[in-house]
Amino acid sequence: MSVLAGPLSESPKTESTAKRSPFHPARWAHFAWGLCSNLLTQFQILRALTQPVFLGSLRANPALPFRYLNRNYLVRHLSVAQRARCLLYHYQRIHPLLPGHILRQVLAPGLTVYETCRDASRFRVTLGLSREGYWEGELSLHLAVDGVTIYTLSFSIIPGSIAGVLADEVLFVTRIQGEKGTEKEVRLATKSLLDVAPPALLVAAFQGVAVAIDIPIMAGTSAILQSSYLPEFSSSFQEAYDDFFATLGATKNSAGFFCSPLPVEEKPMAVIPKGHKIRSRKKREFKRQVANSVAQFLLNIG
């Protein structure tokens with residue numbers, strides 16, 4: 001069975017950002033204009049992030065309130081005002097959704113939301129603040145095998161209108177990537193976890209998070225809009241984003257994002273080829289168990 005590996009990440013630099021010095025005048029002009037044109041939203045972001053629960057994250061990353069000034073924050077082609085709204089919305093919403101002591105643990109050092117031991121290996125999914133320097137979503141689900149992180153799914157809570165969705169808010173999936181040099185662990189995880197590949201496992205955990213915080217709609221970036229997209233790796237990005245979201249039953253809207261209700265609707269068993277039904281049932285049941293386990297864990301600790 002082929003394993004969906006997706007683009008492997010070492011650095012969040014894109015083609016344009018890699019060529020430009022952080023001290024380039026054009027960069028500073030862009031930052032200054034973005035800041036000046038969004039002063040009210042910037043003030044609201046600062047006010048939101050100076051809530052006690054976020055102070056640790058702010059001390060660790062003083063640039064956090066200004067992440068939206070990066071051209072590729074979340075996805076490409078959003079306006080500065082849209083990016084600012086997304087950053088503000090996420091932190092305003094996440095605060096009341098999780099109890100303070102749980103949210104502090106999510107923000108640092110991260111919260112284990114699912115764990116299992118199979119074939120003498122330990123598989124762990126953690127929910128935490130996206131690493132400093134990465135702008136592809138404020139929160140990340142990480143899958144680790146025996147302590148080695150092999151895959152990441154990143155997301156933010158944003159207004160539905162920005163994703164082209166007729167809903168107040170959506171969970172916006174902006175990154176699904178494997179870590180370079182972990183191909184062996186990816187194969188081990190897929191084999192041990194009933195042929196459920198790491199991205200699919202993280203989507204199951206993601207659905208559990210969605211249930212716990214009661215946001216029933218997902219929007220996912222297309223390959224070409226993904227922050228780290230590079231034309232020379234277009235086929236890998238296409239497989240990891242467009243093709244993957246399509247397998248989940250998500251449909252691409254006019255804004256260029258793949259949208260789906262949560263939990264995602266599974267294909268009828270009648271369309272599954274003969275000879276694959278038993279394995280498909282086992283995989284589906286396992287993914288449901290992961291989603292339910294994550295949801296119940298987050299609801300119970302609250």
# chains A, B, ... in the order shown; residues from 1 in each chain; ligands from 1
>>> residues_around(residues="segment 183-198 of chain A", least_positions_apart="2", cutoff="12 Å", atoms="only C-alpha atoms", output="PyMOL selection string")
chain A and resi 1-8+115-125+141-153+176-181+200-205+240+244+278-290
>>> write_last_selection(atoms="C-alpha atoms", output="PDB file, in the first residue's frame")
ATOM      1  CA  MET A   1       0.000   0.000   0.000  1.00  0.00           C
ATOM      2  CA  SER A   2       1.338   3.423  -0.890  1.00  0.00           C
ATOM      3  CA  VAL A   3       1.611   5.886   1.953  1.00  0.00           C
ATOM      4  CA  LEU A   4       0.599   9.484   1.398  1.00  0.00           C
ATOM      5  CA  ALA A   5       3.771  11.241   2.425  1.00  0.00           C
ATOM      6  CA  GLY A   6       3.083  14.762   1.279  1.00  0.00           C
ATOM      7  CA  PRO A   7       5.659  17.511   1.073  1.00  0.00           C
ATOM      8  CA  LEU A   8       8.404  17.134   3.652  1.00  0.00           C
ATOM      9  CA  GLU A 115      -1.825   7.537  22.814  1.00  0.00           C
ATOM     10  CA  THR A 116      -1.550   3.851  21.986  1.00  0.00           C
ATOM     11  CA  CYS A 117       1.105   1.125  22.029  1.00  0.00           C
ATOM     12  CA  ARG A 118       1.244  -1.309  19.147  1.00  0.00           C
ATOM     13  CA  ASP A 119       3.963  -3.609  17.796  1.00  0.00           C
ATOM     14  CA  ALA A 120       6.302  -2.554  20.635  1.00  0.00           C
ATOM     15  CA  SER A 121       6.072   1.119  19.598  1.00  0.00           C
ATOM     16  CA  ARG A 122       4.311   4.066  21.192  1.00  0.00           C
ATOM     17  CA  PHE A 123       2.178   6.343  19.019  1.00  0.00           C
ATOM     18  CA  ARG A 124       1.199   9.702  20.441  1.00  0.00           C
ATOM     19  CA  VAL A 125      -0.880  12.622  19.144  1.00  0.00           C
ATOM     20  CA  LEU A 141      -1.674  18.227  15.959  1.00  0.00           C
ATOM     21  CA  HIS A 142       1.572  16.240  15.926  1.00  0.00           C
ATOM     22  CA  LEU A 143       1.900  12.489  15.470  1.00  0.00           C
ATOM     23  CA  ALA A 144       5.008  11.003  17.108  1.00  0.00           C
ATOM     24  CA  VAL A 145       6.377   7.464  16.937  1.00  0.00           C
ATOM     25  CA  ASP A 146       8.527   6.543  19.945  1.00  0.00           C
ATOM     26  CA  GLY A 147       9.081  10.236  20.632  1.00  0.00           C
ATOM     27  CA  VAL A 148       9.926  11.188  17.020  1.00  0.00           C
ATOM     28  CA  THR A 149       7.461  13.605  15.399  1.00  0.00           C
ATOM     29  CA  ILE A 150       6.620  12.354  11.929  1.00  0.00           C
ATOM     30  CA  TYR A 151       3.572  14.326  10.798  1.00  0.00           C
ATOM     31  CA  THR A 152       1.827  17.615  11.522  1.00  0.00           C
ATOM     32  CA  LEU A 153      -1.642  18.994  10.843  1.00  0.00           C
ATOM     33  CA  ILE A 176      -0.529  18.667   6.443  1.00  0.00           C
ATOM     34  CA  GLN A 177       3.122  17.743   6.156  1.00  0.00           C
ATOM     35  CA  GLY A 178       5.541  15.010   7.085  1.00  0.00           C
ATOM     36  CA  GLU A 179       8.916  15.576   8.662  1.00  0.00           C
ATOM     37  CA  LYS A 180      11.995  14.955   6.562  1.00  0.00           C
ATOM     38  CA  GLY A 181      13.899  11.788   7.374  1.00  0.00           C
ATOM     39  CA  ALA A 200      -5.711  10.253   7.993  1.00  0.00           C
ATOM     40  CA  LEU A 201      -4.994   9.528  11.653  1.00  0.00           C
ATOM     41  CA  LEU A 202      -4.424  13.227  12.340  1.00  0.00           C
ATOM     42  CA  VAL A 203      -7.676  14.095  10.555  1.00  0.00           C
ATOM     43  CA  ALA A 204      -9.445  11.645  12.878  1.00  0.00           C
ATOM     44  CA  ALA A 205      -7.882  13.379  15.900  1.00  0.00           C
ATOM     45  CA  ALA A 240      -1.028  16.086  -0.006  1.00  0.00           C
ATOM     46  CA  PHE A 244      -6.253  14.194   0.095  1.00  0.00           C
ATOM     47  CA  ILE A 278     -13.585  -5.829   5.774  1.00  0.00           C
ATOM     48  CA  ARG A 279     -10.371  -3.801   5.835  1.00  0.00           C
ATOM     49  CA  SER A 280     -12.303  -0.586   5.158  1.00  0.00           C
ATOM     50  CA  ARG A 281     -14.671  -1.301   8.061  1.00  0.00           C
ATOM     51  CA  LYS A 282     -11.731  -1.912  10.406  1.00  0.00           C
ATOM     52  CA  LYS A 283     -10.005   1.304   9.328  1.00  0.00           C
ATOM     53  CA  ARG A 284     -13.197   3.328   9.698  1.00  0.00           C
ATOM     54  CA  GLU A 285     -13.890   1.907  13.131  1.00  0.00           C
ATOM     55  CA  PHE A 286     -10.352   2.668  14.263  1.00  0.00           C
ATOM     56  CA  LYS A 287     -10.558   6.264  13.039  1.00  0.00           C
ATOM     57  CA  ARG A 288     -13.893   6.679  14.803  1.00  0.00           C
ATOM     58  CA  GLN A 289     -12.320   5.335  17.987  1.00  0.00           C
ATOM     59  CA  VAL A 290      -9.484   7.883  17.692  1.00  0.00           C
TER      60      VAL A 290
END
>>> closest_atom_pairs(of="segment 147-224 of chain A", to="segment 65-80 of chain A", cutoff="10 Å", atoms="only C-alpha atoms", output="Markdown table")
| residue | atom | partner | partner_atom | distance |
| --- | --- | --- | --- | --- |
| A:Ser154 | CA | A:Leu74 | CA | 9.4 |
| A:Phe155 | CA | A:Leu74 | CA | 8.4 |
| A:Ser156 | CA | A:Leu74 | CA | 8.2 |
| A:Ile162 | CA | A:Leu78 | CA | 8.5 |
| A:Ala163 | CA | A:Leu78 | CA | 9.9 |
| A:Phe172 | CA | A:Leu74 | CA | 8.7 |
| A:Val173 | CA | A:Leu74 | CA | 8.8 |
| A:Thr174 | CA | A:Leu74 | CA | 6.1 |
| A:Arg175 | CA | A:Leu74 | CA | 8.6 |
| A:Gly220 | CA | A:Val75 | CA | 9.9 |
| A:Thr221 | CA | A:Val75 | CA | 7.0 |
| A:Ser222 | CA | A:Val75 | CA | 9.1 |
| A:Ala223 | CA | A:Val75 | CA | 9.8 |
| A:Ile224 | CA | A:Arg76 | CA | 8.2 |
>>> closest_residue(among="A:Ser254, A:Ala212, A:Gln105, A:Ile217", to="Leu299 of chain A", atoms="only C-alpha atoms")
A:Ala212
>>> closest_residue(among="A:Ala63, A:Ala84, A:Leu103, A:Leu248", to="Tyr134 of chain A", atoms="only C-alpha atoms")
A:Ala63
>>> closest_residue(among="A:Leu139, A:Val294, A:Ile157, A:Val113", to="Gln207 of chain A", atoms="only C-alpha atoms")
A:Val294
>>> select_by_dssp(residues="segment 83-273 of chain A", states="alpha helix (DSSP H)", output="PyMOL selection string")
chain A and resi 83-97+100-107+183-192+198-213+234-238+244-247
>>> residues_around(residues="Pro96 of chain A", least_positions_apart="6", cutoff="12 Å", atoms="only C-alpha atoms", output="PyMOL selection string")
chain A and resi 48+51+53+89-90+102-103+213-214+302
>>> write_last_selection(atoms="C-alpha atoms", output="PDB file, in the first residue's frame")
ATOM      1  CA  ALA A  48      -6.577  39.569  23.344  1.00  0.00           C
ATOM      2  CA  GLN A  51      -5.000  37.912  28.683  1.00  0.00           C
ATOM      3  CA  VAL A  53      -3.604  32.609  29.702  1.00  0.00           C
ATOM      4  CA  TYR A  89     -10.622  35.726  15.713  1.00  0.00           C
ATOM      5  CA  HIS A  90      -8.629  32.637  16.608  1.00  0.00           C
ATOM      6  CA  ILE A 102      -6.012  23.137  29.702  1.00  0.00           C
ATOM      7  CA  LEU A 103      -5.340  25.965  27.277  1.00  0.00           C
ATOM      8  CA  ILE A 213     -15.051  22.663  20.727  1.00  0.00           C
ATOM      9  CA  ASP A 214     -18.315  22.350  18.762  1.00  0.00           C
ATOM     10  CA  GLY A 302     -12.602  20.440  30.927  1.00  0.00           C
TER      11      GLY A 302
END
>>> select_by_dssp(residues="segment 128-287 of chain A", states="strand (DSSP E)", output="short mmCIF file (atom, residue, chain, number, x, y, z; two decimals) with N, CA and C atoms, in the first residue's frame")
data_model
loop_
_atom_site.label_atom_id
_atom_site.label_comp_id
_atom_site.auth_asym_id
_atom_site.auth_seq_id
_atom_site.Cartn_x
_atom_site.Cartn_y
_atom_site.Cartn_z
N GLY A 128 -0.91 21.29 20.27
CA GLY A 128 -0.12 22.38 20.84
C GLY A 128 -0.05 23.58 19.92
N LEU A 129 0.55 24.63 20.45
CA LEU A 129 0.79 25.84 19.68
C LEU A 129 1.78 25.52 18.56
N LEU A 139 -2.60 26.42 15.78
CA LEU A 139 -2.52 25.19 16.56
C LEU A 139 -2.10 24.04 15.65
N SER A 140 -1.43 23.06 16.24
CA SER A 140 -0.98 21.90 15.47
C SER A 140 -1.25 20.61 16.23
N LEU A 141 -1.63 19.60 15.48
CA LEU A 141 -1.67 18.23 15.96
C LEU A 141 -0.43 17.53 15.42
N HIS A 142 0.35 16.93 16.32
CA HIS A 142 1.57 16.24 15.93
C HIS A 142 1.43 14.75 16.21
N LEU A 143 1.83 13.92 15.25
CA LEU A 143 1.90 12.49 15.47
C LEU A 143 3.35 12.10 15.66
N ALA A 144 3.65 11.44 16.80
CA ALA A 144 5.01 11.00 17.11
C ALA A 144 5.04 9.49 17.26
N VAL A 145 6.12 8.89 16.78
CA VAL A 145 6.38 7.46 16.94
C VAL A 145 7.61 7.30 17.82
N VAL A 148 9.48 10.49 18.23
CA VAL A 148 9.93 11.19 17.02
C VAL A 148 8.70 11.71 16.27
N THR A 149 8.58 13.02 16.13
CA THR A 149 7.46 13.61 15.40
C THR A 149 7.60 13.30 13.92
N ILE A 150 6.55 12.74 13.34
CA ILE A 150 6.62 12.35 11.93
C ILE A 150 5.64 13.11 11.04
N TYR A 151 4.58 13.66 11.62
CA TYR A 151 3.57 14.33 10.80
C TYR A 151 2.89 15.43 11.60
N THR A 152 2.47 16.47 10.89
CA THR A 152 1.83 17.61 11.52
C THR A 152 0.61 18.06 10.72
N LEU A 153 -0.46 18.35 11.42
CA LEU A 153 -1.64 18.99 10.84
C LEU A 153 -1.87 20.29 11.61
N SER A 154 -1.85 21.42 10.90
CA SER A 154 -2.00 22.73 11.55
C SER A 154 -3.32 23.38 11.15
N PHE A 155 -3.89 24.15 12.06
CA PHE A 155 -5.19 24.76 11.79
C PHE A 155 -5.40 25.99 12.67
N SER A 156 -6.37 26.79 12.27
CA SER A 156 -6.82 27.95 13.05
C SER A 156 -8.34 28.01 13.00
N ILE A 157 -8.90 28.71 13.95
CA ILE A 157 -10.34 29.01 13.92
C ILE A 157 -10.48 30.37 13.26
N ILE A 158 -11.21 30.44 12.15
CA ILE A 158 -11.33 31.71 11.42
C ILE A 158 -12.79 31.97 11.08
N PRO A 159 -13.13 33.23 10.73
CA PRO A 159 -14.50 33.52 10.28
C PRO A 159 -14.81 32.75 9.01
N GLU A 169 -18.08 30.42 11.61
CA GLU A 169 -16.68 30.09 11.80
C GLU A 169 -16.39 28.70 11.26
N VAL A 170 -15.12 28.48 10.95
CA VAL A 170 -14.68 27.17 10.46
C VAL A 170 -13.34 26.84 11.10
N LEU A 171 -13.04 25.54 11.13
CA LEU A 171 -11.70 25.10 11.45
C LEU A 171 -10.93 25.04 10.13
N PHE A 172 -9.92 25.86 10.02
CA PHE A 172 -9.21 26.07 8.76
C PHE A 172 -7.90 25.29 8.77
N VAL A 173 -7.84 24.21 8.00
CA VAL A 173 -6.65 23.36 7.93
C VAL A 173 -5.69 23.95 6.91
N THR A 174 -4.50 24.29 7.38
CA THR A 174 -3.56 25.02 6.53
C THR A 174 -2.25 24.28 6.29
N ARG A 175 -2.04 23.17 6.99
CA ARG A 175 -0.78 22.44 6.82
C ARG A 175 -0.99 20.97 7.14
N ILE A 176 -0.59 20.11 6.20
CA ILE A 176 -0.53 18.67 6.44
C ILE A 176 0.79 18.21 5.84
N GLN A 177 1.79 18.04 6.67
CA GLN A 177 3.12 17.74 6.16
C GLN A 177 3.85 16.74 7.04
N GLY A 178 4.67 15.93 6.38
CA GLY A 178 5.54 15.01 7.08
C GLY A 178 6.89 15.63 7.35
N GLU A 179 7.58 15.10 8.32
CA GLU A 179 8.92 15.58 8.66
C GLU A 179 9.97 14.82 7.86
N ILE A 217 -17.63 22.50 10.93
CA ILE A 217 -17.29 22.74 9.52
C ILE A 217 -15.79 22.91 9.38
N MET A 218 -15.23 22.27 8.35
CA MET A 218 -13.82 22.38 8.04
C MET A 218 -13.64 23.05 6.69
N ALA A 219 -12.60 23.87 6.59
CA ALA A 219 -12.13 24.36 5.30
C ALA A 219 -10.64 24.04 5.23
N GLY A 220 -10.19 23.56 4.07
CA GLY A 220 -8.78 23.21 3.92
C GLY A 220 -8.18 23.92 2.72
N THR A 221 -6.92 24.29 2.84
CA THR A 221 -6.25 24.99 1.75
C THR A 221 -6.03 24.08 0.56
N THR A 251 -15.34 19.36 -0.88
CA THR A 251 -15.52 19.96 -2.20
C THR A 251 -14.88 21.34 -2.24
N LYS A 252 -14.29 21.67 -3.36
CA LYS A 252 -13.59 22.94 -3.52
C LYS A 252 -14.58 24.05 -3.84
N PHE A 257 -10.92 26.82 -1.48
CA PHE A 257 -10.71 25.99 -0.30
C PHE A 257 -11.63 24.77 -0.34
N PHE A 258 -11.15 23.69 0.26
CA PHE A 258 -11.91 22.44 0.31
C PHE A 258 -12.74 22.41 1.59
N CYS A 259 -14.05 22.29 1.43
CA CYS A 259 -14.95 22.41 2.58
C CYS A 259 -15.72 21.12 2.82
N SER A 260 -15.98 20.86 4.10
CA SER A 260 -16.69 19.64 4.46
C SER A 260 -17.29 19.81 5.84
N PRO A 261 -18.46 19.18 6.07
CA PRO A 261 -18.96 19.12 7.45
C PRO A 261 -18.06 18.21 8.27
#
>>> closest_residue(among="A:Tyr229, A:Pro52, A:Cys86, A:Tyr241", to="His101 of chain A", atoms="only C-alpha atoms")
A:Pro52
>>> closest_residue(among="A:Ala81, A:Leu58, A:Leu87, A:Ala210", to="Leu35 of chain A", atoms="only C-alpha atoms")
A:Ala81
>>> atom_distance(atom1="atom CA of Asn300 of chain A", atom2="atom CA of Phe54 of chain A")
22.5 Å
>>> decode(residues="segment 138-256 of chain A", atoms="C-alpha atoms", output="PDB file, in the first residue's frame")
ATOM      1  CA  GLU A 138      -1.972  28.694  15.182  1.00  0.00           C
ATOM      2  CA  LEU A 139      -2.517  25.187  16.558  1.00  0.00           C
ATOM      3  CA  SER A 140      -0.985  21.902  15.466  1.00  0.00           C
ATOM      4  CA  LEU A 141      -1.674  18.227  15.959  1.00  0.00           C
ATOM      5  CA  HIS A 142       1.572  16.240  15.926  1.00  0.00           C
ATOM      6  CA  LEU A 143       1.900  12.489  15.470  1.00  0.00           C
ATOM      7  CA  ALA A 144       5.008  11.003  17.108  1.00  0.00           C
ATOM      8  CA  VAL A 145       6.377   7.464  16.937  1.00  0.00           C
ATOM      9  CA  ASP A 146       8.527   6.543  19.945  1.00  0.00           C
ATOM     10  CA  GLY A 147       9.081  10.236  20.632  1.00  0.00           C
ATOM     11  CA  VAL A 148       9.926  11.188  17.020  1.00  0.00           C
ATOM     12  CA  THR A 149       7.461  13.605  15.399  1.00  0.00           C
ATOM     13  CA  ILE A 150       6.620  12.354  11.929  1.00  0.00           C
ATOM     14  CA  TYR A 151       3.572  14.326  10.798  1.00  0.00           C
ATOM     15  CA  THR A 152       1.827  17.615  11.522  1.00  0.00           C
ATOM     16  CA  LEU A 153      -1.642  18.994  10.843  1.00  0.00           C
ATOM     17  CA  SER A 154      -2.003  22.727  11.553  1.00  0.00           C
ATOM     18  CA  PHE A 155      -5.190  24.760  11.793  1.00  0.00           C
ATOM     19  CA  SER A 156      -6.819  27.946  13.050  1.00  0.00           C
ATOM     20  CA  ILE A 157     -10.338  29.014  13.918  1.00  0.00           C
ATOM     21  CA  ILE A 158     -11.329  31.715  11.424  1.00  0.00           C
ATOM     22  CA  PRO A 159     -14.496  33.524  10.285  1.00  0.00           C
ATOM     23  CA  GLY A 160     -16.395  31.440   7.750  1.00  0.00           C
ATOM     24  CA  SER A 161     -16.696  34.368   5.352  1.00  0.00           C
ATOM     25  CA  ILE A 162     -12.916  34.460   4.810  1.00  0.00           C
ATOM     26  CA  ALA A 163     -13.000  30.804   3.736  1.00  0.00           C
ATOM     27  CA  GLY A 164     -15.981  31.442   1.483  1.00  0.00           C
ATOM     28  CA  VAL A 165     -18.289  29.447   3.761  1.00  0.00           C
ATOM     29  CA  LEU A 166     -21.812  30.386   4.857  1.00  0.00           C
ATOM     30  CA  ALA A 167     -21.086  29.777   8.526  1.00  0.00           C
ATOM     31  CA  ASP A 168     -19.974  31.952  11.400  1.00  0.00           C
ATOM     32  CA  GLU A 169     -16.683  30.088  11.800  1.00  0.00           C
ATOM     33  CA  VAL A 170     -14.678  27.173  10.465  1.00  0.00           C
ATOM     34  CA  LEU A 171     -11.695  25.097  11.447  1.00  0.00           C
ATOM     35  CA  PHE A 172      -9.212  26.065   8.762  1.00  0.00           C
ATOM     36  CA  VAL A 173      -6.654  23.361   7.927  1.00  0.00           C
ATOM     37  CA  THR A 174      -3.558  25.025   6.531  1.00  0.00           C
ATOM     38  CA  ARG A 175      -0.783  22.445   6.819  1.00  0.00           C
ATOM     39  CA  ILE A 176      -0.529  18.667   6.443  1.00  0.00           C
ATOM     40  CA  GLN A 177       3.122  17.743   6.156  1.00  0.00           C
ATOM     41  CA  GLY A 178       5.541  15.010   7.085  1.00  0.00           C
ATOM     42  CA  GLU A 179       8.916  15.576   8.662  1.00  0.00           C
ATOM     43  CA  LYS A 180      11.995  14.955   6.562  1.00  0.00           C
ATOM     44  CA  GLY A 181      13.899  11.788   7.374  1.00  0.00           C
ATOM     45  CA  THR A 182      10.968   9.951   9.007  1.00  0.00           C
ATOM     46  CA  GLU A 183       9.927   7.721   6.113  1.00  0.00           C
ATOM     47  CA  LYS A 184      10.722   4.594   8.157  1.00  0.00           C
ATOM     48  CA  GLU A 185       8.524   5.773  11.044  1.00  0.00           C
ATOM     49  CA  VAL A 186       5.724   6.711   8.625  1.00  0.00           C
ATOM     50  CA  ARG A 187       5.723   3.177   7.223  1.00  0.00           C
ATOM     51  CA  LEU A 188       5.776   1.724  10.740  1.00  0.00           C
ATOM     52  CA  ALA A 189       2.864   3.900  11.858  1.00  0.00           C
ATOM     53  CA  THR A 190       0.781   2.993   8.813  1.00  0.00           C
ATOM     54  CA  LYS A 191       1.440  -0.725   9.233  1.00  0.00           C
ATOM     55  CA  SER A 192       0.830  -0.770  12.978  1.00  0.00           C
ATOM     56  CA  LEU A 193      -2.287   1.418  12.901  1.00  0.00           C
ATOM     57  CA  LEU A 194      -4.422  -0.804  10.646  1.00  0.00           C
ATOM     58  CA  ASP A 195      -3.146   0.762   7.397  1.00  0.00           C
ATOM     59  CA  VAL A 196      -4.398   4.184   8.471  1.00  0.00           C
ATOM     60  CA  ALA A 197      -1.778   6.598   7.115  1.00  0.00           C
ATOM     61  CA  PRO A 198      -0.537   9.415   9.406  1.00  0.00           C
ATOM     62  CA  PRO A 199      -2.480  12.216   7.682  1.00  0.00           C
ATOM     63  CA  ALA A 200      -5.711  10.253   7.993  1.00  0.00           C
ATOM     64  CA  LEU A 201      -4.994   9.528  11.653  1.00  0.00           C
ATOM     65  CA  LEU A 202      -4.424  13.227  12.340  1.00  0.00           C
ATOM     66  CA  VAL A 203      -7.676  14.095  10.555  1.00  0.00           C
ATOM     67  CA  ALA A 204      -9.445  11.645  12.878  1.00  0.00           C
ATOM     68  CA  ALA A 205      -7.882  13.379  15.900  1.00  0.00           C
ATOM     69  CA  PHE A 206      -8.793  16.742  14.345  1.00  0.00           C
ATOM     70  CA  GLN A 207     -12.423  15.641  14.125  1.00  0.00           C
ATOM     71  CA  GLY A 208     -12.298  14.824  17.813  1.00  0.00           C
ATOM     72  CA  VAL A 209     -11.065  18.345  18.542  1.00  0.00           C
ATOM     73  CA  ALA A 210     -13.887  19.729  16.386  1.00  0.00           C
ATOM     74  CA  VAL A 211     -16.478  17.818  18.415  1.00  0.00           C
ATOM     75  CA  ALA A 212     -14.978  18.993  21.699  1.00  0.00           C
ATOM     76  CA  ILE A 213     -15.051  22.663  20.727  1.00  0.00           C
ATOM     77  CA  ASP A 214     -18.315  22.350  18.762  1.00  0.00           C
ATOM     78  CA  ILE A 215     -17.209  23.639  15.357  1.00  0.00           C
ATOM     79  CA  PRO A 216     -18.803  21.344  12.742  1.00  0.00           C
ATOM     80  CA  ILE A 217     -17.288  22.736   9.519  1.00  0.00           C
ATOM     81  CA  MET A 218     -13.820  22.376   8.038  1.00  0.00           C
ATOM     82  CA  ALA A 219     -12.127  24.358   5.300  1.00  0.00           C
ATOM     83  CA  GLY A 220      -8.782  23.211   3.919  1.00  0.00           C
ATOM     84  CA  THR A 221      -6.254  24.990   1.754  1.00  0.00           C
ATOM     85  CA  SER A 222      -5.670  23.915  -1.809  1.00  0.00           C
ATOM     86  CA  ALA A 223      -2.119  23.049  -2.832  1.00  0.00           C
ATOM     87  CA  ILE A 224      -1.437  26.221  -4.772  1.00  0.00           C
ATOM     88  CA  LEU A 225      -2.640  28.435  -1.913  1.00  0.00           C
ATOM     89  CA  GLN A 226      -0.640  26.593   0.745  1.00  0.00           C
ATOM     90  CA  SER A 227       1.960  28.860   2.358  1.00  0.00           C
ATOM     91  CA  SER A 228       4.995  26.735   1.496  1.00  0.00           C
ATOM     92  CA  TYR A 229       3.914  25.818  -2.031  1.00  0.00           C
ATOM     93  CA  LEU A 230       6.713  25.575  -4.591  1.00  0.00           C
ATOM     94  CA  PRO A 231       6.014  24.916  -8.292  1.00  0.00           C
ATOM     95  CA  GLU A 232       8.828  22.379  -8.582  1.00  0.00           C
ATOM     96  CA  PHE A 233       7.046  20.195  -6.004  1.00  0.00           C
ATOM     97  CA  SER A 234       3.551  20.772  -7.364  1.00  0.00           C
ATOM     98  CA  SER A 235       2.700  17.069  -7.673  1.00  0.00           C
ATOM     99  CA  SER A 236       3.592  16.399  -4.026  1.00  0.00           C
ATOM    100  CA  PHE A 237       1.515  19.353  -2.859  1.00  0.00           C
ATOM    101  CA  GLN A 238      -1.369  18.318  -5.115  1.00  0.00           C
ATOM    102  CA  GLU A 239      -1.366  14.840  -3.577  1.00  0.00           C
ATOM    103  CA  ALA A 240      -1.028  16.086  -0.006  1.00  0.00           C
ATOM    104  CA  TYR A 241      -3.774  18.729  -0.214  1.00  0.00           C
ATOM    105  CA  ASP A 242      -6.198  18.680  -3.162  1.00  0.00           C
ATOM    106  CA  ASP A 243      -6.201  14.909  -3.632  1.00  0.00           C
ATOM    107  CA  PHE A 244      -6.253  14.194   0.095  1.00  0.00           C
ATOM    108  CA  PHE A 245      -9.161  16.535   0.825  1.00  0.00           C
ATOM    109  CA  ALA A 246     -11.027  15.051  -2.133  1.00  0.00           C
ATOM    110  CA  THR A 247     -10.663  11.569  -0.613  1.00  0.00           C
ATOM    111  CA  LEU A 248     -12.335  12.948   2.521  1.00  0.00           C
ATOM    112  CA  GLY A 249     -15.298  14.049   0.432  1.00  0.00           C
ATOM    113  CA  ALA A 250     -14.506  17.760   0.733  1.00  0.00           C
ATOM    114  CA  THR A 251     -15.518  19.959  -2.202  1.00  0.00           C
ATOM    115  CA  LYS A 252     -13.590  22.944  -3.521  1.00  0.00           C
ATOM    116  CA  ASN A 253     -15.455  26.244  -3.312  1.00  0.00           C
ATOM    117  CA  SER A 254     -15.076  29.437  -5.325  1.00  0.00           C
ATOM    118  CA  ALA A 255     -12.560  30.809  -2.803  1.00  0.00           C
ATOM    119  CA  GLY A 256     -10.213  27.900  -3.571  1.00  0.00           C
TER     120      GLY A 256
END
